[in-house]
Amino acid sequence: MSRDVIASVDVVSADIPLTDPFVISRGRISVAEVAFVRLTLEDGTCGFGEIAPFAALTGETRDQSAGDAQRLAATVVGREAGSWWDIAADLEVAAPDDPAARVGLECALADGLARSRGVPLHALWAEHGGVADVRERETDVTLPMLDDARVQALAESWVGRGFRTLKLKVGNPDIEKDIARVESLARRHPRVDFILDANQGYDRAAAATFVERLASLHERIRLIEQPVARDDIEGMASLCASSPVAIAADESVFTLPDVQRVIAAKAAHVVNLKIMKSGLAQTIEIARAARDAGLGLMIGGMMETRLAMGVSFSLVLGFGGIDHLDLDTPLLMADDPWVGGYTYDGPRMIPSLEPGLGMRPKSS
Ligand SMILES: [Mg+2]
């Protein structure tokens, strides 16, 4: 019998500086404000989780979420890590509006469980509808909404490092500016593809014009994320019906009922999964629903270190069918607080086969 009873939970805040300020249509940050969860089992095994809310998108702040996680620790301590799925369901009831706090605990639980079983984290997802597909992948890299010269310089440098998909933050009130930027990057980098993320920045007419005006680049646009407001499901659906480019729902899908609504309305071709907006167990449920409905899957994150991003990568490896990877934020940070686990080689993400996430804090 493995002693996988949870003995303790600790939550510690950390500020990780970014190399460049990160600007989207809904906010700007220059430091990743995160918190790390360390969960210890009675046999001494540790599991780690990360809390990385992006206040502009979900309304949670790091300090609120870290405090919630401390409070929620009482729901977790004394139970068996093996029942993590049931614990996750209890956490959803206890903190429905704080997915970042929940996910910190869920990830620490799952990591601890995988480590106590001696298997990589991605191996756990087979029990939840996953079909393992363990191999190297490539991630895109995101260019923030900075001035043209800075964006061009960043694009130059990422393409020079081998990146083949650039994710561009669009959604400017002035769509001409967005169109000019996409066209100019496409001209300078004829071999790269694009993911264009409007973060709800357009209205229906602007979104339709944006798609139309980029007709000559359609083959190089892998998808357009969340062109219109999250609740404008009709707008998403009408764009989906007419757009030759895949439309992805991001902010429209936080929960399982959200994805069910999007599926019923045919309001997306692809769903962008993020553990930090939905929680870990609910992300798996969303992925299952979307996959069963024949939708494509993308996975991204908030401003997360390699720990939370490693959990998302484990879903790519262990759940399967996730074709669009936007798992670049550790590359935007000036420091990596973790050692071990998966590695980056340019855009390539190389899986780790160590137990759990295979990571430990750099400082201990
Ligand atoms: Mg997005």
# chains A, B, ... in the order shown; residues from 1 in each chain; ligands from 1

$ closest_atom_pairs --of "chain A" --to "ligand 1" --cutoff "12 Å" --atoms "only C-alpha atoms and all ligand atoms" --output "Markdown table"
| residue | atom | partner | partner_atom_place_in_ligand_line | distance |
| --- | --- | --- | --- | --- |
| A:Ile24 | CA | ligand 1 | 1 (Mg) | 9.6 |
| A:Ser25 | CA | ligand 1 | 1 (Mg) | 10.6 |
| A:Arg26 | CA | ligand 1 | 1 (Mg) | 10.9 |
| A:Phe54 | CA | ligand 1 | 1 (Mg) | 11.8 |
| A:Leu57 | CA | ligand 1 | 1 (Mg) | 9.6 |
| A:Thr142 | CA | ligand 1 | 1 (Mg) | 10.3 |
| A:Pro144 | CA | ligand 1 | 1 (Mg) | 12.0 |
| A:Lys167 | CA | ligand 1 | 1 (Mg) | 9.6 |
| A:Leu168 | CA | ligand 1 | 1 (Mg) | 10.0 |
| A:Lys169 | CA | ligand 1 | 1 (Mg) | 8.5 |
| A:Val170 | CA | ligand 1 | 1 (Mg) | 10.3 |
| A:Gly171 | CA | ligand 1 | 1 (Mg) | 10.9 |
| A:Ile195 | CA | ligand 1 | 1 (Mg) | 9.7 |
| A:Leu196 | CA | ligand 1 | 1 (Mg) | 8.7 |
| A:Asp197 | CA | ligand 1 | 1 (Mg) | 5.5 |
| A:Ala198 | CA | ligand 1 | 1 (Mg) | 7.3 |
| A:Asn199 | CA | ligand 1 | 1 (Mg) | 5.6 |
| A:Gln200 | CA | ligand 1 | 1 (Mg) | 8.8 |
| A:Gly201 | CA | ligand 1 | 1 (Mg) | 11.0 |
| A:Leu223 | CA | ligand 1 | 1 (Mg) | 10.9 |
| A:Ile224 | CA | ligand 1 | 1 (Mg) | 9.1 |
| A:Glu225 | CA | ligand 1 | 1 (Mg) | 5.7 |
| A:Gln226 | CA | ligand 1 | 1 (Mg) | 6.5 |
| A:Pro227 | CA | ligand 1 | 1 (Mg) | 9.5 |
| A:Val228 | CA | ligand 1 | 1 (Mg) | 11.4 |
| A:Ala229 | CA | ligand 1 | 1 (Mg) | 11.9 |
| A:Arg230 | CA | ligand 1 | 1 (Mg) | 11.0 |
| A:Ile247 | CA | ligand 1 | 1 (Mg) | 11.3 |
| A:Ala248 | CA | ligand 1 | 1 (Mg) | 8.5 |
| A:Ala249 | CA | ligand 1 | 1 (Mg) | 8.0 |
| A:Asp250 | CA | ligand 1 | 1 (Mg) | 5.3 |
| A:Glu251 | CA | ligand 1 | 1 (Mg) | 6.9 |
| A:Ser252 | CA | ligand 1 | 1 (Mg) | 9.9 |
| A:Val253 | CA | ligand 1 | 1 (Mg) | 10.6 |
| A:Phe254 | CA | ligand 1 | 1 (Mg) | 11.7 |
| A:Val270 | CA | ligand 1 | 1 (Mg) | 11.7 |
| A:Val271 | CA | ligand 1 | 1 (Mg) | 10.0 |
| A:Asn272 | CA | ligand 1 | 1 (Mg) | 7.2 |
| A:Leu273 | CA | ligand 1 | 1 (Mg) | 9.4 |
| A:Lys274 | CA | ligand 1 | 1 (Mg) | 9.3 |
| A:Lys277 | CA | ligand 1 | 1 (Mg) | 11.0 |
| A:Met298 | CA | ligand 1 | 1 (Mg) | 10.0 |
| A:Ile299 | CA | ligand 1 | 1 (Mg) | 9.6 |
| A:Gly300 | CA | ligand 1 | 1 (Mg) | 7.6 |
| A:Gly301 | CA | ligand 1 | 1 (Mg) | 8.5 |
| A:Met302 | CA | ligand 1 | 1 (Mg) | 9.0 |
| A:Met303 | CA | ligand 1 | 1 (Mg) | 11.8 |
| A:Leu325 | CA | ligand 1 | 1 (Mg) | 11.8 |
| A:Asp326 | CA | ligand 1 | 1 (Mg) | 9.2 |
| A:Leu327 | CA | ligand 1 | 1 (Mg) | 11.7 |

$ write_last_selection --atoms "N, CA and C atoms" --output "CSV table (one decimal), in the first residue's frame"
chain,number,residue,atom,x,y,z
A,24,ILE,N,-1.4,43.1,-24.1
A,24,ILE,CA,-2.5,42.6,-25.0
A,24,ILE,C,-3.6,43.7,-24.9
A,25,SER,N,-4.7,43.4,-25.6
A,25,SER,CA,-5.7,44.5,-25.7
A,25,SER,C,-6.4,44.7,-24.4
A,26,ARG,N,-6.2,43.8,-23.4
A,26,ARG,CA,-6.9,43.9,-22.1
A,26,ARG,C,-5.9,44.1,-20.9
A,54,PHE,N,-4.3,35.8,-14.4
A,54,PHE,CA,-4.1,37.0,-15.2
A,54,PHE,C,-5.3,37.9,-15.0
A,57,LEU,N,-7.9,39.0,-17.4
A,57,LEU,CA,-8.8,38.1,-18.1
A,57,LEU,C,-9.8,37.4,-17.2
A,142,THR,N,4.6,34.1,-28.8
A,142,THR,CA,3.6,35.3,-28.8
A,142,THR,C,4.4,36.6,-28.9
A,144,PRO,N,4.0,40.5,-28.3
A,144,PRO,CA,3.0,41.4,-27.6
A,144,PRO,C,2.7,42.6,-28.4
A,167,LYS,N,2.5,33.9,-32.9
A,167,LYS,CA,1.2,34.3,-32.4
A,167,LYS,C,1.2,35.8,-32.2
A,168,LEU,N,0.3,36.5,-32.8
A,168,LEU,CA,0.3,37.9,-32.8
A,168,LEU,C,-1.0,38.4,-32.1
A,169,LYS,N,-0.8,39.4,-31.2
A,169,LYS,CA,-1.9,40.0,-30.5
A,169,LYS,C,-2.5,41.1,-31.4
A,170,VAL,N,-3.7,40.9,-31.8
A,170,VAL,CA,-4.4,41.9,-32.6
A,170,VAL,C,-5.6,42.4,-31.7
A,171,GLY,N,-6.7,42.8,-32.4
A,171,GLY,CA,-7.8,43.3,-31.6
A,171,GLY,C,-7.7,44.8,-31.3
A,195,ILE,N,-0.8,32.6,-35.8
A,195,ILE,CA,-2.0,32.5,-35.0
A,195,ILE,C,-2.3,34.0,-34.6
A,196,LEU,N,-3.5,34.4,-34.8
A,196,LEU,CA,-3.9,35.8,-34.5
A,196,LEU,C,-4.9,35.8,-33.4
A,197,ASP,N,-4.6,36.5,-32.3
A,197,ASP,CA,-5.4,36.5,-31.1
A,197,ASP,C,-6.0,37.9,-30.9
A,198,ALA,N,-7.3,38.0,-31.1
A,198,ALA,CA,-7.9,39.4,-30.9
A,198,ALA,C,-8.4,39.6,-29.5
A,199,ASN,N,-8.3,38.6,-28.6
A,199,ASN,CA,-8.8,38.8,-27.2
A,199,ASN,C,-10.0,39.6,-27.1
A,200,GLN,N,-11.1,39.3,-27.9
A,200,GLN,CA,-12.4,40.0,-27.9
A,200,GLN,C,-12.4,41.4,-28.4
A,201,GLY,N,-11.3,41.8,-29.1
A,201,GLY,CA,-11.1,43.2,-29.4
A,201,GLY,C,-12.0,43.8,-30.5
A,223,LEU,N,-5.1,29.9,-37.2
A,223,LEU,CA,-6.4,30.2,-36.6
A,223,LEU,C,-6.5,31.7,-36.1
A,224,ILE,N,-7.7,32.1,-35.9
A,224,ILE,CA,-7.9,33.4,-35.3
A,224,ILE,C,-8.7,33.2,-34.0
A,225,GLU,N,-8.1,33.7,-32.9
A,225,GLU,CA,-8.6,33.4,-31.6
A,225,GLU,C,-9.5,34.6,-31.1
A,226,GLN,N,-10.6,34.1,-30.6
A,226,GLN,CA,-11.6,35.0,-29.9
A,226,GLN,C,-11.7,36.4,-30.6
A,227,PRO,N,-12.2,36.5,-31.8
A,227,PRO,CA,-12.3,37.7,-32.5
A,227,PRO,C,-13.3,38.7,-31.8
A,228,VAL,N,-14.4,38.2,-31.3
A,228,VAL,CA,-15.4,39.1,-30.7
A,228,VAL,C,-15.7,38.7,-29.2
A,229,ALA,N,-16.5,39.5,-28.6
A,229,ALA,CA,-16.8,39.4,-27.1
A,229,ALA,C,-17.1,38.0,-26.7
A,230,ARG,N,-16.7,37.6,-25.6
A,230,ARG,CA,-16.9,36.2,-25.1
A,230,ARG,C,-18.3,35.7,-25.1
A,247,ILE,N,-11.6,29.5,-36.6
A,247,ILE,CA,-11.9,30.4,-35.5
A,247,ILE,C,-11.8,29.6,-34.2
A,248,ALA,N,-11.1,30.2,-33.2
A,248,ALA,CA,-10.9,29.5,-31.9
A,248,ALA,C,-11.6,30.3,-30.8
A,249,ALA,N,-12.3,29.5,-29.9
A,249,ALA,CA,-12.9,30.1,-28.8
A,249,ALA,C,-11.9,30.0,-27.6
A,250,ASP,N,-11.6,31.2,-27.0
A,250,ASP,CA,-10.7,31.2,-25.8
A,250,ASP,C,-11.5,31.7,-24.7
A,251,GLU,N,-11.7,33.0,-24.6
A,251,GLU,CA,-12.5,33.6,-23.5
A,251,GLU,C,-13.9,33.1,-23.5
A,252,SER,N,-14.5,32.6,-24.6
A,252,SER,CA,-15.8,32.1,-24.6
A,252,SER,C,-16.0,30.8,-23.8
A,253,VAL,N,-14.8,30.1,-23.6
A,253,VAL,CA,-14.9,28.8,-22.9
A,253,VAL,C,-14.0,28.8,-21.7
A,254,PHE,N,-14.7,28.9,-20.5
A,254,PHE,CA,-14.0,28.8,-19.2
A,254,PHE,C,-14.4,27.5,-18.6
A,270,VAL,N,-12.2,25.5,-33.1
A,270,VAL,CA,-11.1,25.1,-32.2
A,270,VAL,C,-11.4,25.7,-30.9
A,271,VAL,N,-11.0,24.9,-29.8
A,271,VAL,CA,-11.2,25.5,-28.4
A,271,VAL,C,-9.8,25.6,-27.8
A,272,ASN,N,-9.5,26.8,-27.3
A,272,ASN,CA,-8.2,27.0,-26.6
A,272,ASN,C,-8.4,26.7,-25.1
A,273,LEU,N,-7.7,25.6,-24.8
A,273,LEU,CA,-7.7,25.1,-23.4
A,273,LEU,C,-6.7,25.9,-22.6
A,274,LYS,N,-7.0,26.2,-21.3
A,274,LYS,CA,-6.0,26.8,-20.4
A,274,LYS,C,-6.4,26.3,-19.0
A,277,LYS,N,-7.6,29.0,-16.5
A,277,LYS,CA,-8.9,29.6,-16.5
A,277,LYS,C,-10.0,28.7,-16.1
A,298,MET,N,-6.5,23.5,-29.0
A,298,MET,CA,-5.3,24.3,-28.8
A,298,MET,C,-5.1,24.3,-27.3
A,299,ILE,N,-3.8,24.5,-26.9
A,299,ILE,CA,-3.6,24.7,-25.4
A,299,ILE,C,-2.7,25.9,-25.2
A,300,GLY,N,-3.0,26.8,-24.3
A,300,GLY,CA,-2.2,27.9,-24.0
A,300,GLY,C,-2.1,28.1,-22.5
A,301,GLY,N,-1.8,29.3,-22.1
A,301,GLY,CA,-1.7,29.6,-20.6
A,301,GLY,C,-1.8,31.0,-20.3
A,302,MET,N,-1.7,31.4,-19.1
A,302,MET,CA,-1.6,32.8,-18.7
A,302,MET,C,-0.1,33.1,-18.7
A,303,MET,N,0.4,33.9,-17.8
A,303,MET,CA,1.9,34.1,-17.8
A,303,MET,C,2.4,33.1,-16.8
A,325,LEU,N,-0.1,24.4,-30.1
A,325,LEU,CA,0.6,24.6,-28.8
A,325,LEU,C,1.0,26.1,-28.7
A,326,ASP,N,0.5,26.7,-27.6
A,326,ASP,CA,0.9,28.1,-27.3
A,326,ASP,C,1.4,28.0,-25.9
A,327,LEU,N,2.6,27.4,-25.8
A,327,LEU,CA,3.2,27.1,-24.4
A,327,LEU,C,4.5,27.8,-24.3

$ select_by_dssp --residues "range 76-166 of chain A" --states "alpha helix (DSSP H)" --output "PDB file with N, CA and C atoms, in the first residue's frame"
ATOM      1  N   VAL A  76      -8.162  19.417   1.326  1.00  0.00           N
ATOM      2  CA  VAL A  76      -7.256  18.475   0.688  1.00  0.00           C
ATOM      3  C   VAL A  76      -6.502  17.615   1.698  1.00  0.00           C
ATOM      4  N   TRP A  84      -7.719  12.187  -6.431  1.00  0.00           N
ATOM      5  CA  TRP A  84      -7.570  13.602  -6.822  1.00  0.00           C
ATOM      6  C   TRP A  84      -8.739  14.108  -7.644  1.00  0.00           C
ATOM      7  N   TRP A  85      -9.355  13.221  -8.443  1.00  0.00           N
ATOM      8  CA  TRP A  85     -10.469  13.664  -9.296  1.00  0.00           C
ATOM      9  C   TRP A  85     -11.670  14.061  -8.439  1.00  0.00           C
ATOM     10  N   ASP A  86     -11.913  13.278  -7.366  1.00  0.00           N
ATOM     11  CA  ASP A  86     -13.006  13.621  -6.436  1.00  0.00           C
ATOM     12  C   ASP A  86     -12.671  14.893  -5.658  1.00  0.00           C
ATOM     13  N   ILE A  87     -11.414  15.012  -5.273  1.00  0.00           N
ATOM     14  CA  ILE A  87     -10.996  16.220  -4.549  1.00  0.00           C
ATOM     15  C   ILE A  87     -11.181  17.442  -5.458  1.00  0.00           C
ATOM     16  N   ALA A  88     -10.819  17.279  -6.742  1.00  0.00           N
ATOM     17  CA  ALA A  88     -10.971  18.386  -7.702  1.00  0.00           C
ATOM     18  C   ALA A  88     -12.438  18.807  -7.790  1.00  0.00           C
ATOM     19  N   ALA A  89     -13.341  17.833  -7.785  1.00  0.00           N
ATOM     20  CA  ALA A  89     -14.778  18.155  -7.844  1.00  0.00           C
ATOM     21  C   ALA A  89     -15.197  18.933  -6.601  1.00  0.00           C
ATOM     22  N   ASP A  90     -14.671  18.556  -5.436  1.00  0.00           N
ATOM     23  CA  ASP A  90     -14.984  19.292  -4.204  1.00  0.00           C
ATOM     24  C   ASP A  90     -14.424  20.710  -4.255  1.00  0.00           C
ATOM     25  N   LEU A  91     -13.241  20.844  -4.831  1.00  0.00           N
ATOM     26  CA  LEU A  91     -12.639  22.185  -4.948  1.00  0.00           C
ATOM     27  C   LEU A  91     -13.483  23.077  -5.860  1.00  0.00           C
ATOM     28  N   GLU A  92     -14.040  22.483  -6.925  1.00  0.00           N
ATOM     29  CA  GLU A  92     -14.889  23.267  -7.837  1.00  0.00           C
ATOM     30  C   GLU A  92     -16.114  23.806  -7.113  1.00  0.00           C
ATOM     31  N   VAL A  93     -16.655  22.997  -6.202  1.00  0.00           N
ATOM     32  CA  VAL A  93     -17.817  23.447  -5.434  1.00  0.00           C
ATOM     33  C   VAL A  93     -17.391  24.537  -4.443  1.00  0.00           C
ATOM     34  N   ALA A  94     -16.228  24.342  -3.819  1.00  0.00           N
ATOM     35  CA  ALA A  94     -15.777  25.272  -2.777  1.00  0.00           C
ATOM     36  C   ALA A  94     -15.304  26.606  -3.359  1.00  0.00           C
ATOM     37  N   PRO A  99     -10.449  29.542 -10.394  1.00  0.00           N
ATOM     38  CA  PRO A  99      -9.788  28.392 -11.014  1.00  0.00           C
ATOM     39  C   PRO A  99      -8.280  28.370 -10.774  1.00  0.00           C
ATOM     40  N   ALA A 100      -7.651  29.550 -10.650  1.00  0.00           N
ATOM     41  CA  ALA A 100      -6.190  29.562 -10.482  1.00  0.00           C
ATOM     42  C   ALA A 100      -5.797  28.953  -9.135  1.00  0.00           C
ATOM     43  N   ALA A 101      -6.582  29.255  -8.092  1.00  0.00           N
ATOM     44  CA  ALA A 101      -6.292  28.658  -6.778  1.00  0.00           C
ATOM     45  C   ALA A 101      -6.503  27.152  -6.834  1.00  0.00           C
ATOM     46  N   ARG A 102      -7.598  26.748  -7.473  1.00  0.00           N
ATOM     47  CA  ARG A 102      -7.885  25.312  -7.580  1.00  0.00           C
ATOM     48  C   ARG A 102      -6.793  24.592  -8.344  1.00  0.00           C
ATOM     49  N   VAL A 103      -6.386  25.206  -9.467  1.00  0.00           N
ATOM     50  CA  VAL A 103      -5.458  24.494 -10.330  1.00  0.00           C
ATOM     51  C   VAL A 103      -4.105  24.314  -9.646  1.00  0.00           C
ATOM     52  N   GLY A 104      -3.725  25.271  -8.794  1.00  0.00           N
ATOM     53  CA  GLY A 104      -2.467  25.106  -8.056  1.00  0.00           C
ATOM     54  C   GLY A 104      -2.513  23.837  -7.210  1.00  0.00           C
ATOM     55  N   LEU A 105      -3.648  23.633  -6.544  1.00  0.00           N
ATOM     56  CA  LEU A 105      -3.815  22.450  -5.702  1.00  0.00           C
ATOM     57  C   LEU A 105      -3.979  21.187  -6.547  1.00  0.00           C
ATOM     58  N   GLU A 106      -4.785  21.269  -7.597  1.00  0.00           N
ATOM     59  CA  GLU A 106      -5.002  20.091  -8.456  1.00  0.00           C
ATOM     60  C   GLU A 106      -3.685  19.597  -9.061  1.00  0.00           C
ATOM     61  N   CYS A 107      -2.870  20.536  -9.539  1.00  0.00           N
ATOM     62  CA  CYS A 107      -1.613  20.145 -10.181  1.00  0.00           C
ATOM     63  C   CYS A 107      -0.655  19.536  -9.165  1.00  0.00           C
ATOM     64  N   ALA A 108      -0.602  20.151  -7.965  1.00  0.00           N
ATOM     65  CA  ALA A 108       0.277  19.599  -6.927  1.00  0.00           C
ATOM     66  C   ALA A 108      -0.169  18.188  -6.555  1.00  0.00           C
ATOM     67  N   LEU A 109      -1.488  17.985  -6.501  1.00  0.00           N
ATOM     68  CA  LEU A 109      -2.041  16.661  -6.202  1.00  0.00           C
ATOM     69  C   LEU A 109      -1.670  15.639  -7.280  1.00  0.00           C
ATOM     70  N   ALA A 110      -1.900  16.029  -8.529  1.00  0.00           N
ATOM     71  CA  ALA A 110      -1.646  15.107  -9.636  1.00  0.00           C
ATOM     72  C   ALA A 110      -0.148  14.808  -9.753  1.00  0.00           C
ATOM     73  N   ASP A 111       0.675  15.848  -9.571  1.00  0.00           N
ATOM     74  CA  ASP A 111       2.128  15.664  -9.623  1.00  0.00           C
ATOM     75  C   ASP A 111       2.571  14.723  -8.501  1.00  0.00           C
ATOM     76  N   GLY A 112       2.059  14.959  -7.289  1.00  0.00           N
ATOM     77  CA  GLY A 112       2.403  14.107  -6.147  1.00  0.00           C
ATOM     78  C   GLY A 112       1.969  12.664  -6.384  1.00  0.00           C
ATOM     79  N   LEU A 113       0.769  12.501  -6.934  1.00  0.00           N
ATOM     80  CA  LEU A 113       0.249  11.157  -7.204  1.00  0.00           C
ATOM     81  C   LEU A 113       1.122  10.428  -8.236  1.00  0.00           C
ATOM     82  N   ALA A 114       1.440  11.135  -9.328  1.00  0.00           N
ATOM     83  CA  ALA A 114       2.269  10.518 -10.372  1.00  0.00           C
ATOM     84  C   ALA A 114       3.644  10.151  -9.813  1.00  0.00           C
ATOM     85  N   ARG A 115       4.204  11.044  -9.004  1.00  0.00           N
ATOM     86  CA  ARG A 115       5.518  10.743  -8.410  1.00  0.00           C
ATOM     87  C   ARG A 115       5.433   9.549  -7.477  1.00  0.00           C
ATOM     88  N   SER A 116       4.348   9.456  -6.694  1.00  0.00           N
ATOM     89  CA  SER A 116       4.257   8.339  -5.754  1.00  0.00           C
ATOM     90  C   SER A 116       4.054   7.020  -6.510  1.00  0.00           C
ATOM     91  N   ARG A 117       3.494   7.111  -7.722  1.00  0.00           N
ATOM     92  CA  ARG A 117       3.352   5.903  -8.547  1.00  0.00           C
ATOM     93  C   ARG A 117       4.574   5.646  -9.421  1.00  0.00           C
ATOM     94  N   ASP A 148       5.743  49.015 -33.543  1.00  0.00           N
ATOM     95  CA  ASP A 148       6.136  48.215 -34.708  1.00  0.00           C
ATOM     96  C   ASP A 148       7.598  47.810 -34.696  1.00  0.00           C
ATOM     97  N   ALA A 149       8.464  48.754 -34.358  1.00  0.00           N
ATOM     98  CA  ALA A 149       9.904  48.466 -34.405  1.00  0.00           C
ATOM     99  C   ALA A 149      10.254  47.351 -33.425  1.00  0.00           C
ATOM    100  N   ARG A 150       9.671  47.427 -32.225  1.00  0.00           N
ATOM    101  CA  ARG A 150       9.964  46.415 -31.196  1.00  0.00           C
ATOM    102  C   ARG A 150       9.398  45.046 -31.604  1.00  0.00           C
ATOM    103  N   VAL A 151       8.193  45.045 -32.161  1.00  0.00           N
ATOM    104  CA  VAL A 151       7.580  43.785 -32.604  1.00  0.00           C
ATOM    105  C   VAL A 151       8.411  43.167 -33.735  1.00  0.00           C
ATOM    106  N   GLN A 152       8.852  43.995 -34.672  1.00  0.00           N
ATOM    107  CA  GLN A 152       9.674  43.482 -35.778  1.00  0.00           C
ATOM    108  C   GLN A 152      10.973  42.884 -35.245  1.00  0.00           C
ATOM    109  N   ALA A 153      11.577  43.565 -34.279  1.00  0.00           N
ATOM    110  CA  ALA A 153      12.849  43.079 -33.727  1.00  0.00           C
ATOM    111  C   ALA A 153      12.642  41.752 -32.998  1.00  0.00           C
ATOM    112  N   LEU A 154      11.544  41.658 -32.251  1.00  0.00           N
ATOM    113  CA  LEU A 154      11.262  40.412 -31.539  1.00  0.00           C
ATOM    114  C   LEU A 154      11.008  39.274 -32.531  1.00  0.00           C
ATOM    115  N   ALA A 155      10.224  39.568 -33.579  1.00  0.00           N
ATOM    116  CA  ALA A 155       9.920  38.542 -34.583  1.00  0.00           C
ATOM    117  C   ALA A 155      11.210  38.037 -35.223  1.00  0.00           C
ATOM    118  N   GLU A 156      12.082  38.978 -35.574  1.00  0.00           N
ATOM    119  CA  GLU A 156      13.381  38.644 -36.163  1.00  0.00           C
ATOM    120  C   GLU A 156      14.128  37.655 -35.280  1.00  0.00           C
ATOM    121  N   SER A 157      14.158  37.968 -34.001  1.00  0.00           N
ATOM    122  CA  SER A 157      14.935  37.159 -33.083  1.00  0.00           C
ATOM    123  C   SER A 157      14.310  35.771 -32.875  1.00  0.00           C
ATOM    124  N   TRP A 158      12.982  35.691 -32.760  1.00  0.00           N
ATOM    125  CA  TRP A 158      12.343  34.370 -32.583  1.00  0.00           C
ATOM    126  C   TRP A 158      12.487  33.517 -33.838  1.00  0.00           C
ATOM    127  N   VAL A 159      12.270  34.115 -34.997  1.00  0.00           N
ATOM    128  CA  VAL A 159      12.391  33.344 -36.238  1.00  0.00           C
ATOM    129  C   VAL A 159      13.834  32.855 -36.389  1.00  0.00           C
ATOM    130  N   GLY A 160      14.779  33.715 -35.999  1.00  0.00           N
ATOM    131  CA  GLY A 160      16.186  33.322 -36.020  1.00  0.00           C
ATOM    132  C   GLY A 160      16.472  32.140 -35.116  1.00  0.00           C
TER     133      GLY A 160
END

$ residues_around --residues "Pro351 in chain A" --least-positions-apart "3" --cutoff "8 Å" --atoms "only C-alpha atoms" --output "ChimeraX atom specification"
/A:134-136,341-343

$ residues_around --residues "range 208-219 of chain A" --least-positions-apart "6" --cutoff "12 Å" --atoms "only C-alpha atoms" --output "ChimeraX atom specification"
/A:170-187,190-198,201-202,225,227-228,235-247

$ closest_residue --among "A:Gln70, A:Thr58, A:Ser65, A:Ser8" --to "Leu41 in chain A" --atoms "only C-alpha atoms"
A:Ser8

$ closest_residue --among "A:Cys46, A:Val34, A:Ala69, A:Met276" --to "Arg360 in chain A" --atoms "only C-alpha atoms"
A:Cys46

$ decode --residues "range 217-231 of chain A" --atoms "N, CA and C atoms" --output "PDB file, in the first residue's frame"
ATOM      1  N   LEU A 217      -3.459  35.716 -47.257  1.00  0.00           N
ATOM      2  CA  LEU A 217      -2.633  35.019 -46.258  1.00  0.00           C
ATOM      3  C   LEU A 217      -3.367  33.856 -45.581  1.00  0.00           C
ATOM      4  N   HIS A 218      -4.564  33.549 -46.040  1.00  0.00           N
ATOM      5  CA  HIS A 218      -5.370  32.552 -45.319  1.00  0.00           C
ATOM      6  C   HIS A 218      -4.649  31.242 -45.092  1.00  0.00           C
ATOM      7  N   GLU A 219      -3.867  30.807 -46.072  1.00  0.00           N
ATOM      8  CA  GLU A 219      -3.185  29.519 -45.904  1.00  0.00           C
ATOM      9  C   GLU A 219      -2.119  29.555 -44.830  1.00  0.00           C
ATOM     10  N   ARG A 220      -1.705  30.751 -44.484  1.00  0.00           N
ATOM     11  CA  ARG A 220      -0.661  30.860 -43.456  1.00  0.00           C
ATOM     12  C   ARG A 220      -1.213  31.252 -42.090  1.00  0.00           C
ATOM     13  N   ILE A 221      -2.516  31.433 -42.006  1.00  0.00           N
ATOM     14  CA  ILE A 221      -3.132  31.758 -40.713  1.00  0.00           C
ATOM     15  C   ILE A 221      -3.738  30.470 -40.148  1.00  0.00           C
ATOM     16  N   ARG A 222      -3.112  29.957 -39.106  1.00  0.00           N
ATOM     17  CA  ARG A 222      -3.580  28.672 -38.552  1.00  0.00           C
ATOM     18  C   ARG A 222      -4.919  28.845 -37.860  1.00  0.00           C
ATOM     19  N   LEU A 223      -5.087  29.949 -37.190  1.00  0.00           N
ATOM     20  CA  LEU A 223      -6.398  30.248 -36.612  1.00  0.00           C
ATOM     21  C   LEU A 223      -6.463  31.669 -36.093  1.00  0.00           C
ATOM     22  N   ILE A 224      -7.697  32.127 -35.909  1.00  0.00           N
ATOM     23  CA  ILE A 224      -7.942  33.432 -35.287  1.00  0.00           C
ATOM     24  C   ILE A 224      -8.664  33.169 -33.976  1.00  0.00           C
ATOM     25  N   GLU A 225      -8.061  33.678 -32.899  1.00  0.00           N
ATOM     26  CA  GLU A 225      -8.607  33.434 -31.565  1.00  0.00           C
ATOM     27  C   GLU A 225      -9.537  34.552 -31.135  1.00  0.00           C
ATOM     28  N   GLN A 226     -10.641  34.145 -30.600  1.00  0.00           N
ATOM     29  CA  GLN A 226     -11.602  35.026 -29.921  1.00  0.00           C
ATOM     30  C   GLN A 226     -11.728  36.412 -30.564  1.00  0.00           C
ATOM     31  N   PRO A 227     -12.215  36.454 -31.826  1.00  0.00           N
ATOM     32  CA  PRO A 227     -12.327  37.743 -32.503  1.00  0.00           C
ATOM     33  C   PRO A 227     -13.302  38.699 -31.820  1.00  0.00           C
ATOM     34  N   VAL A 228     -14.405  38.172 -31.294  1.00  0.00           N
ATOM     35  CA  VAL A 228     -15.432  39.058 -30.707  1.00  0.00           C
ATOM     36  C   VAL A 228     -15.655  38.732 -29.229  1.00  0.00           C
ATOM     37  N   ALA A 229     -16.524  39.501 -28.588  1.00  0.00           N
ATOM     38  CA  ALA A 229     -16.762  39.381 -27.149  1.00  0.00           C
ATOM     39  C   ALA A 229     -17.130  37.954 -26.748  1.00  0.00           C
ATOM     40  N   ARG A 230     -16.715  37.574 -25.551  1.00  0.00           N
ATOM     41  CA  ARG A 230     -16.883  36.181 -25.109  1.00  0.00           C
ATOM     42  C   ARG A 230     -18.339  35.728 -25.123  1.00  0.00           C
ATOM     43  N   ASP A 231     -19.272  36.641 -24.822  1.00  0.00           N
ATOM     44  CA  ASP A 231     -20.683  36.258 -24.783  1.00  0.00           C
ATOM     45  C   ASP A 231     -21.381  36.385 -26.125  1.00  0.00           C
TER      46      ASP A 231
END
